[in-house]
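File shown: my_file.txt (compact mmCIF, C-alpha atoms).
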```txt
# COMPACT_ATOMS: atom_id res chain seq x y z
CA MET A 1 0.00 0.00 0.00
CA ILE A 2 1.76 3.10 -1.21
CA LEU A 3 0.25 6.41 -0.30
CA ALA A 4 1.17 9.64 -1.94
CA LEU A 5 0.75 11.71 1.19
CA GLU A 6 1.27 15.37 0.64
CA PHE A 7 3.15 16.65 3.63
CA PRO A 8 3.10 20.43 3.90
CA PRO A 9 6.51 22.12 3.94
CA LEU A 10 7.53 23.58 7.27
CA THR A 11 6.66 27.14 6.32
CA HIS A 12 3.05 26.11 5.70
CA ILE A 13 2.49 24.82 9.20
CA VAL A 14 3.90 27.76 11.15
CA GLN A 15 3.26 30.78 8.91
CA TRP A 16 -0.25 32.12 8.92
CA PRO A 17 -1.73 34.79 6.66
CA ALA A 18 -2.74 38.03 8.32
CA PHE A 19 -6.48 38.65 8.42
CA LEU A 20 -6.65 42.12 9.95
CA PHE A 21 -4.67 45.30 9.17
CA GLU A 22 -2.82 43.43 6.46
CA GLY A 23 0.39 45.02 5.25
CA THR A 24 0.83 47.29 8.29
CA PRO A 25 3.17 46.58 11.21
CA PHE A 26 0.03 45.87 13.28
CA ALA A 27 -1.12 42.98 11.09
CA ILE A 28 -2.91 40.31 13.08
CA ASN A 29 -2.65 36.64 12.26
CA LYS A 30 -3.31 33.50 14.25
CA VAL A 31 -0.09 33.77 16.26
CA VAL A 32 -0.82 37.35 17.31
CA LEU A 33 -4.31 36.22 18.28
CA VAL A 34 -2.75 33.58 20.54
CA TYR A 35 -0.62 36.33 22.17
CA PHE A 36 -3.80 38.27 22.90
CA PHE A 37 -5.51 35.20 24.37
CA GLY A 38 -2.45 34.55 26.50
CA VAL A 39 -2.42 38.10 27.84
CA ILE A 40 -6.18 38.10 28.50
CA LEU A 41 -6.13 34.75 30.30
CA THR A 42 -3.12 35.70 32.42
CA MET A 43 -4.72 39.02 33.38
CA ALA A 44 -8.00 37.25 34.14
CA LEU A 45 -6.16 34.92 36.50
CA PHE A 46 -4.61 37.89 38.32
CA LEU A 47 -7.90 39.82 38.53
CA LEU A 48 -9.94 36.83 39.67
CA GLY A 49 -7.33 35.86 42.22
CA ASN A 50 -7.39 39.35 43.66
CA GLN A 51 -10.97 39.40 44.95
CA LYS A 52 -9.94 39.08 48.60
CA LYS A 53 -12.98 37.08 49.66
CA LEU A 54 -12.34 35.28 52.93
CA VAL A 55 -13.70 31.97 51.68
CA PRO A 56 -12.51 31.56 48.10
CA THR A 57 -14.87 30.05 45.55
CA GLY A 58 -14.56 28.94 41.96
CA MET A 59 -11.97 30.83 39.97
CA GLN A 60 -10.46 32.45 43.06
CA ASN A 61 -9.75 28.98 44.41
CA LEU A 62 -7.92 28.06 41.23
CA ALA A 63 -5.97 31.32 41.17
CA GLU A 64 -4.96 31.01 44.82
CA SER A 65 -3.79 27.44 44.47
CA SER A 66 -1.78 28.38 41.38
CA VAL A 67 -0.12 31.24 43.29
CA ASN A 68 0.61 28.70 46.00
CA PHE A 69 2.17 26.37 43.47
CA VAL A 70 4.39 29.09 41.99
CA GLU A 71 5.42 30.27 45.45
CA ASP A 72 6.22 26.84 46.93
CA GLY A 73 7.29 25.01 43.81
CA ILE A 74 9.35 27.63 42.02
CA VAL A 75 10.16 30.73 44.07
CA MET A 76 10.96 29.10 47.42
CA GLN A 77 12.87 26.26 45.74
CA THR A 78 15.13 28.51 43.71
CA MET A 79 15.42 31.85 45.51
CA GLY A 80 14.30 31.29 49.07
CA PRO A 81 12.37 33.87 51.12
CA ASP A 82 14.29 36.80 49.54
CA GLY A 83 12.72 36.01 46.22
CA LEU A 84 9.09 36.23 47.32
CA ARG A 85 8.78 39.76 45.93
CA TYR A 86 9.46 38.33 42.46
CA THR A 87 6.48 35.96 42.69
CA PRO A 88 4.22 38.13 40.47
CA PHE A 89 6.89 38.25 37.76
CA ILE A 90 7.56 34.50 37.85
CA MET A 91 3.83 33.87 37.99
CA SER A 92 3.12 35.99 34.91
CA ILE A 93 5.98 34.27 33.04
CA PHE A 94 4.72 30.82 34.01
CA PHE A 95 1.10 31.41 33.06
CA PHE A 96 1.76 33.43 29.92
CA VAL A 97 4.08 30.72 28.60
CA PHE A 98 1.62 28.03 29.63
CA PHE A 99 -1.42 29.68 28.03
CA THR A 100 0.38 30.44 24.77
CA ASN A 101 1.67 26.84 24.71
CA ILE A 102 -1.61 25.12 25.45
CA PHE A 103 -3.19 26.65 22.32
CA GLU A 104 -1.26 24.03 20.37
CA ILE A 105 -3.94 21.50 21.24
CA VAL A 106 -6.99 23.79 21.44
CA PRO A 107 -9.19 22.84 18.49
CA VAL A 108 -9.53 25.35 15.62
CA ILE A 109 -6.48 27.35 16.79
CA GLN A 110 -3.92 24.53 17.20
CA MET A 111 -0.90 26.76 17.01
CA PRO A 112 1.59 27.29 19.84
CA ALA A 113 2.72 30.92 19.73
CA SER A 114 6.18 29.81 20.85
CA ALA A 115 6.69 27.84 17.64
CA ARG A 116 7.67 31.17 16.10
CA ILE A 117 10.94 32.49 17.46
CA ALA A 118 9.57 35.99 18.26
CA LEU A 119 7.84 35.15 21.53
CA PRO A 120 10.60 33.00 23.10
CA MET A 121 13.12 35.64 22.09
CA LEU A 122 11.11 38.44 23.69
CA LEU A 123 10.62 36.44 26.89
CA ALA A 124 14.28 35.42 27.07
CA LEU A 125 15.41 39.02 26.56
CA THR A 126 12.98 40.18 29.27
CA VAL A 127 14.41 37.63 31.69
CA TRP A 128 17.94 38.65 30.68
CA PHE A 129 17.27 42.32 31.40
CA VAL A 130 15.56 41.51 34.68
CA PHE A 131 18.37 39.38 36.08
CA VAL A 132 21.10 41.78 34.97
CA ILE A 133 19.25 44.78 36.42
CA VAL A 134 18.42 42.97 39.67
CA GLY A 135 22.09 42.06 39.98
CA ILE A 136 23.22 45.63 39.37
CA ILE A 137 20.74 46.98 41.94
CA LYS A 138 21.49 44.36 44.60
CA GLN A 139 25.27 44.15 44.29
CA GLY A 140 26.15 47.46 42.63
CA PRO A 141 27.34 47.68 39.03
CA PHE A 142 30.96 46.93 39.93
CA GLY A 143 30.19 44.20 42.43
CA TYR A 144 27.78 42.41 40.14
CA PHE A 145 30.14 42.10 37.20
CA LYS A 146 33.01 41.25 39.53
CA ASN A 147 31.03 38.43 41.11
CA ALA A 148 29.69 37.21 37.79
CA LEU A 149 32.96 37.24 35.87
CA PHE A 150 35.52 36.62 38.63
CA PRO A 151 34.09 33.94 40.96
CA PRO A 152 36.07 33.84 44.21
CA GLY A 153 38.29 30.89 45.06
CA VAL A 154 40.00 30.56 41.70
CA PRO A 155 43.80 30.91 41.44
CA LYS A 156 44.67 34.36 40.07
CA PRO A 157 46.25 33.35 36.70
CA LEU A 158 43.25 31.19 35.85
CA TYR A 159 41.01 34.29 35.71
CA LEU A 160 42.40 34.86 32.25
CA MET A 161 40.49 31.76 31.20
CA VAL A 162 37.60 31.77 33.65
CA ALA A 163 36.40 35.32 33.02
CA PRO A 164 35.65 34.89 29.28
CA ILE A 165 33.98 31.53 29.90
CA GLU A 166 31.83 33.01 32.65
CA PHE A 167 30.97 35.95 30.43
CA VAL A 168 29.81 33.72 27.59
CA SER A 169 27.89 31.33 29.82
CA THR A 170 26.19 34.03 31.90
CA PHE A 171 25.39 36.73 29.41
CA LEU A 172 25.17 34.91 26.07
CA VAL A 173 24.32 31.24 26.58
CA ARG A 174 21.67 31.84 29.26
CA PRO A 175 19.25 33.89 27.14
CA PHE A 176 20.04 31.84 24.05
CA SER A 177 19.34 28.47 25.66
CA LEU A 178 16.23 29.85 27.35
CA MET A 179 14.96 30.98 23.96
CA VAL A 180 15.91 27.86 22.00
CA ARG A 181 14.55 25.45 24.61
CA LEU A 182 11.05 26.89 24.51
CA PHE A 183 11.07 27.42 20.74
CA ALA A 184 12.42 24.02 19.74
CA ASN A 185 10.22 22.04 22.12
CA LEU A 186 7.05 23.70 20.89
CA LEU A 187 8.03 23.60 17.22
CA ALA A 188 8.91 19.91 17.51
CA GLY A 189 5.59 19.22 19.24
CA HIS A 190 3.69 21.09 16.56
CA ILE A 191 5.47 19.18 13.77
CA LEU A 192 4.76 15.85 15.50
CA LEU A 193 1.07 16.66 15.80
CA VAL A 194 0.86 17.82 12.17
CA THR A 195 2.72 14.71 10.97
CA PHE A 196 0.37 12.28 12.66
CA THR A 197 -2.74 14.28 11.77
CA VAL A 198 -1.77 14.46 8.09
CA LEU A 199 -0.98 10.74 8.14
CA THR A 200 -4.34 9.91 9.71
CA ALA A 201 -6.21 12.15 7.30
CA GLY A 202 -4.39 10.67 4.31
CA LEU A 203 -5.07 7.11 5.42
CA TRP A 204 -8.71 7.96 6.11
CA VAL A 205 -9.15 9.13 2.53
CA ALA A 206 -7.23 6.21 1.03
CA ASP A 207 -8.50 3.33 3.14
CA TRP A 208 -10.30 4.27 6.31
CA THR A 209 -9.68 1.01 8.17
CA ALA A 210 -5.95 1.70 8.03
CA ILE A 211 -6.13 4.42 10.69
CA PHE A 212 -6.92 1.77 13.31
CA PHE A 213 -3.64 0.07 12.77
CA PRO A 214 -1.62 1.16 15.75
CA LEU A 215 0.40 4.01 14.43
CA PRO A 216 -1.48 7.05 13.11
CA LEU A 217 -4.70 7.49 15.07
CA PHE A 218 -3.29 6.35 18.38
CA GLY A 219 -0.24 8.46 17.59
CA VAL A 220 -2.44 11.54 17.43
CA ILE A 221 -4.20 10.69 20.69
CA PHE A 222 -0.96 9.88 22.46
CA PHE A 223 0.85 12.98 21.24
CA VAL A 224 -2.01 15.32 22.19
CA ALA A 225 -1.69 14.00 25.75
CA PHE A 226 2.08 14.25 25.51
CA GLU A 227 1.89 17.86 24.30
CA ILE A 228 -0.25 18.85 27.29
CA LEU A 229 2.57 17.54 29.47
CA VAL A 230 5.18 19.37 27.38
CA SER A 231 3.24 22.66 27.60
CA VAL A 232 3.11 22.51 31.38
CA LEU A 233 6.68 21.27 31.72
CA GLN A 234 8.17 23.92 29.45
CA ALA A 235 6.31 26.69 31.28
CA TYR A 236 7.58 25.21 34.56
CA VAL A 237 11.17 24.94 33.31
CA PHE A 238 11.11 28.47 31.91
CA ALA A 239 9.84 29.87 35.21
CA LEU A 240 12.27 27.71 37.20
CA LEU A 241 15.27 28.92 35.20
CA THR A 242 14.07 32.51 35.52
CA GLY A 243 14.09 31.92 39.28
CA VAL A 244 17.58 30.41 39.20
CA TYR A 245 18.96 33.30 37.15
CA ILE A 246 17.40 35.94 39.41
CA ASP A 247 18.74 34.01 42.41
CA SER A 248 22.27 34.18 40.96
CA SER A 249 21.86 37.96 40.85
CA LEU A 250 20.37 38.20 44.34
CA HIS A 251 22.97 36.07 46.07
CA ALA A 252 26.55 36.35 44.88
CA ALA A 253 28.41 33.08 44.47
CA HIS A 254 30.81 32.39 47.31
CA MET B 1 23.38 12.20 -0.06
CA THR B 2 21.01 15.13 0.08
CA ASP B 3 21.25 17.95 2.59
CA THR B 4 18.12 16.67 4.27
CA GLY B 5 19.64 13.23 4.79
CA LEU B 6 22.80 14.72 6.23
CA ALA B 7 20.81 17.00 8.49
CA ALA B 8 18.81 14.04 9.77
CA ILE B 9 21.99 12.08 10.52
CA ALA B 10 23.51 15.10 12.26
CA TYR B 11 20.48 15.43 14.48
CA GLY B 12 20.51 11.71 15.23
CA LEU B 13 24.13 11.94 16.33
CA GLY B 14 23.39 15.07 18.35
CA ALA B 15 20.61 13.30 20.25
CA ILE B 16 22.83 10.47 21.54
CA GLY B 17 24.63 12.44 24.24
CA PRO B 18 21.61 14.15 25.79
CA GLY B 19 19.72 10.84 25.60
CA ILE B 20 22.32 9.08 27.70
CA GLY B 21 22.64 12.13 29.95
CA ILE B 22 18.95 12.47 30.71
CA GLY B 23 18.59 8.75 31.26
CA TYR B 24 21.42 8.71 33.77
CA LEU B 25 20.21 11.91 35.45
CA VAL B 26 16.63 10.74 35.93
CA GLY B 27 17.78 7.28 37.05
CA GLN B 28 19.98 8.78 39.74
CA SER B 29 17.20 11.16 40.82
CA VAL B 30 14.73 8.29 41.17
CA GLN B 31 17.27 6.44 43.26
CA ALA B 32 17.80 9.50 45.43
CA MET B 33 14.03 9.94 45.88
CA ALA B 34 13.61 6.26 46.75
CA ARG B 35 16.37 6.41 49.34
CA GLN B 36 15.24 9.64 50.89
CA PRO B 37 11.57 10.30 50.17
CA GLU B 38 11.50 13.39 52.40
CA ALA B 39 13.94 15.12 50.03
CA ALA B 40 11.81 14.26 46.97
CA GLY B 41 10.63 17.84 46.36
CA MET B 42 14.13 19.27 46.29
CA VAL B 43 15.47 16.43 44.16
CA ARG B 44 12.63 16.88 41.69
CA THR B 45 13.31 20.61 41.21
CA THR B 46 17.01 19.99 40.71
CA MET B 47 16.23 17.11 38.36
CA PHE B 48 14.13 19.34 36.11
CA LEU B 49 16.88 21.94 36.10
CA GLY B 50 19.41 19.31 35.09
CA ILE B 51 17.10 17.99 32.39
CA ALA B 52 16.64 21.51 31.06
CA PHE B 53 20.38 22.05 30.77
CA THR B 54 21.07 18.63 29.25
CA GLU B 55 18.17 18.80 26.85
CA ALA B 56 19.40 22.13 25.47
CA LEU B 57 22.07 20.29 23.48
CA ALA B 58 19.57 18.08 21.72
CA LEU B 59 17.38 21.09 21.01
CA ILE B 60 20.24 23.05 19.52
CA GLY B 61 20.78 19.99 17.31
CA PHE B 62 17.13 20.18 16.35
CA VAL B 63 17.52 23.79 15.28
CA VAL B 64 20.71 22.97 13.36
CA PHE B 65 18.71 20.28 11.58
CA PHE B 66 16.43 22.93 10.11
CA LEU B 67 19.28 25.30 9.36
CA ALA B 68 21.24 22.56 7.55
CA GLN B 69 18.17 21.55 5.58
CA ALA B 70 17.68 24.98 4.05
```
Take the structure in the file and write it out as structure tokens.
Amino acid sequence: MILALEFPPLTHIVQWPAFLFEGTPFAINKVVLVYFFGVILTMALFLLGNQKKLVPTGMQNLAESSVNFVEDGIVMQTMGPDGLRYTPFIMSIFFFVFFTNIFEIVPVIQMPASARIALPMLLALTVWFVFVIVGIIKQGPFGYFKNALFPPGVPKPLYLMVAPIEFVSTFLVRPFSLMVRLFANLLAGHILLVTFTVLTAGLWVADWTAIFFPLPLFGVIFFVAFEILVSVLQAYVFALLTGVYIDSSLHAAH
Amino acid sequence: MTDTGLAAIAYGLGAIGPGIGIGYLVGQSVQAMARQPEAAGMVRTTMFLGIAFTEALALIGFVVFFLAQA
């Protein structure tokens, strides 16, 4: 059984035509729409969690337990009590990344905003600015760069080698790996889902019983479940690393 | 061999190291959690951090795959 399945080239599964304000810098396509949904949902979580009722109900319950999770699971684990004032920042990062990721399995939309490099890059740059600025405020401009580039306890001549390595790993590799991790995970997930969906659709047209052979249909079901896990995990890892990087600025290595 | 074939082989080679690394890392973490269940929360956080750093290599390979294909 040979099937001439037409697999769309990569550009066709991540590039969407604009449908509003076409041709202007404010053009809106599906990805921009997902940004808007992400912002609205994150803001809704903050507003609903801020009702200050003594006995929380419904959405407030959910919002409060998610704040609890971010505080205990991410902030306290990485930064300790000093970091509690960064909870709102970590929380917005976590939920914005999560909401823009989860749209990869929401029917009709089915596009993770992070599968385009723009969003991961913006988020990684934001985190980069935040941890550098926190470091400069907490340790002073001189102290911060001294602690970051010249870790104490290294023999003097070795600084010639250690300082450039520390510079690259702290100021270049950190934002880059943060960006690529989110981008590549979501792009890979999106490609996997498209592959199995196209395969199932092609087999359905050619010979519909074929989709019940283990691979395609069960592949789709399995990978949708797997992508839910990936969405949550990537949001968690992104927030966790943000916490670790801010912690390295709050507390100098010694 | 086409560029696509080479890119696929390059990614396959790039995935070996992180594969071994993550396997070892998670195995050790599970052992640590089994030996000391009260430290499970801390071990889990550190485990995810380690996975994130190890996995980055495979993901860079994934990006190189697309760059090499073009």
Coordinates of box centre and edge lengths for range 23-39 of chain A, 6 Å on every side, axis-aligned, as lines of an AutoDock Vina configuration file:
```
center_x = -1.2
center_y = 40.4
center_z = 16.5
size_x = 20.7
size_y = 25.8
size_z = 34.6
```
| request: Compare A:Pro175, A:Pro164, A:Pro112, A:Pro157 by their minimum atom-to-atom distance to Leu125 in chain A, counting all atoms listed in the file, and give me the closest one. | output: A:Pro175
| query | Of the candidates B:Tyr11, B:Thr46, B:Gly41, B:Leu6, which shows the shortest atom-to-atom distance to Leu25 in chain B, using only C-alpha atoms? | reply | B:Thr46
| request: Could you list, as number ranges by chain, the residues of chain B having an atom within 9 Å of chain A when counting all atoms listed in the file? | output: B: 41-42, 45, 48-49, 52-53, 55-57, 59-60, 62-63
| Nearest to Phe65 in chain B, chosen from B:Ile9, B:Ile22, B:Thr2, B:Glu38, with only C-alpha atoms counted in the distances |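 Closest candidate: B:Ile9.
Between CA of Ile246 in chain A and CA of Glu166 in chain A lies a distance of 16.2 Å.
Taking all atoms listed in the file into account, Pro81 in chain A lies nearest to A:Leu250 out of the set A:Val220, A:Leu250, A:Leu160, A:Pro120.
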| field | For CA of Ile165 in chain A and CA of Gly83 in chain A, the interatomic separation in Å (one decimal) | value | 27.2 Å
| task | May I ask for the distance between CA of Phe218 in chain A and CA of Thr195 in chain A, given in Å to one decimal place? | result |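 These atoms are spaced 12.7 Å apart.
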| request: Within 6 Å of (18.6, 15.4, 15.3) (coordinates as in the file), grab all the protein and nucleic acid residues, counting only C-alpha atoms, and write them out as a PyMOL selection string. | output: chain B and resi 8+10-12+14-15+61-62
| said: With all atoms listed in the file as the counted atoms, please give the residues lying no more than 7 Å from range 90-104 of chain A, apart from itself and same-chain residues fewer than 2 positions off, as a ChimeraX atom specification. | reply: /A:34-35,38-39,42,70,86-88,106,109-114,190,228,231-232,235-236,239
| query | Near Ala68 in chain B, counting all atoms listed in the file, which residues have an atom at most 8 Å away, once you skip same-chain residues fewer than 5 positions from it, shown as number ranges by chain? | reply | B: 3-4, 7
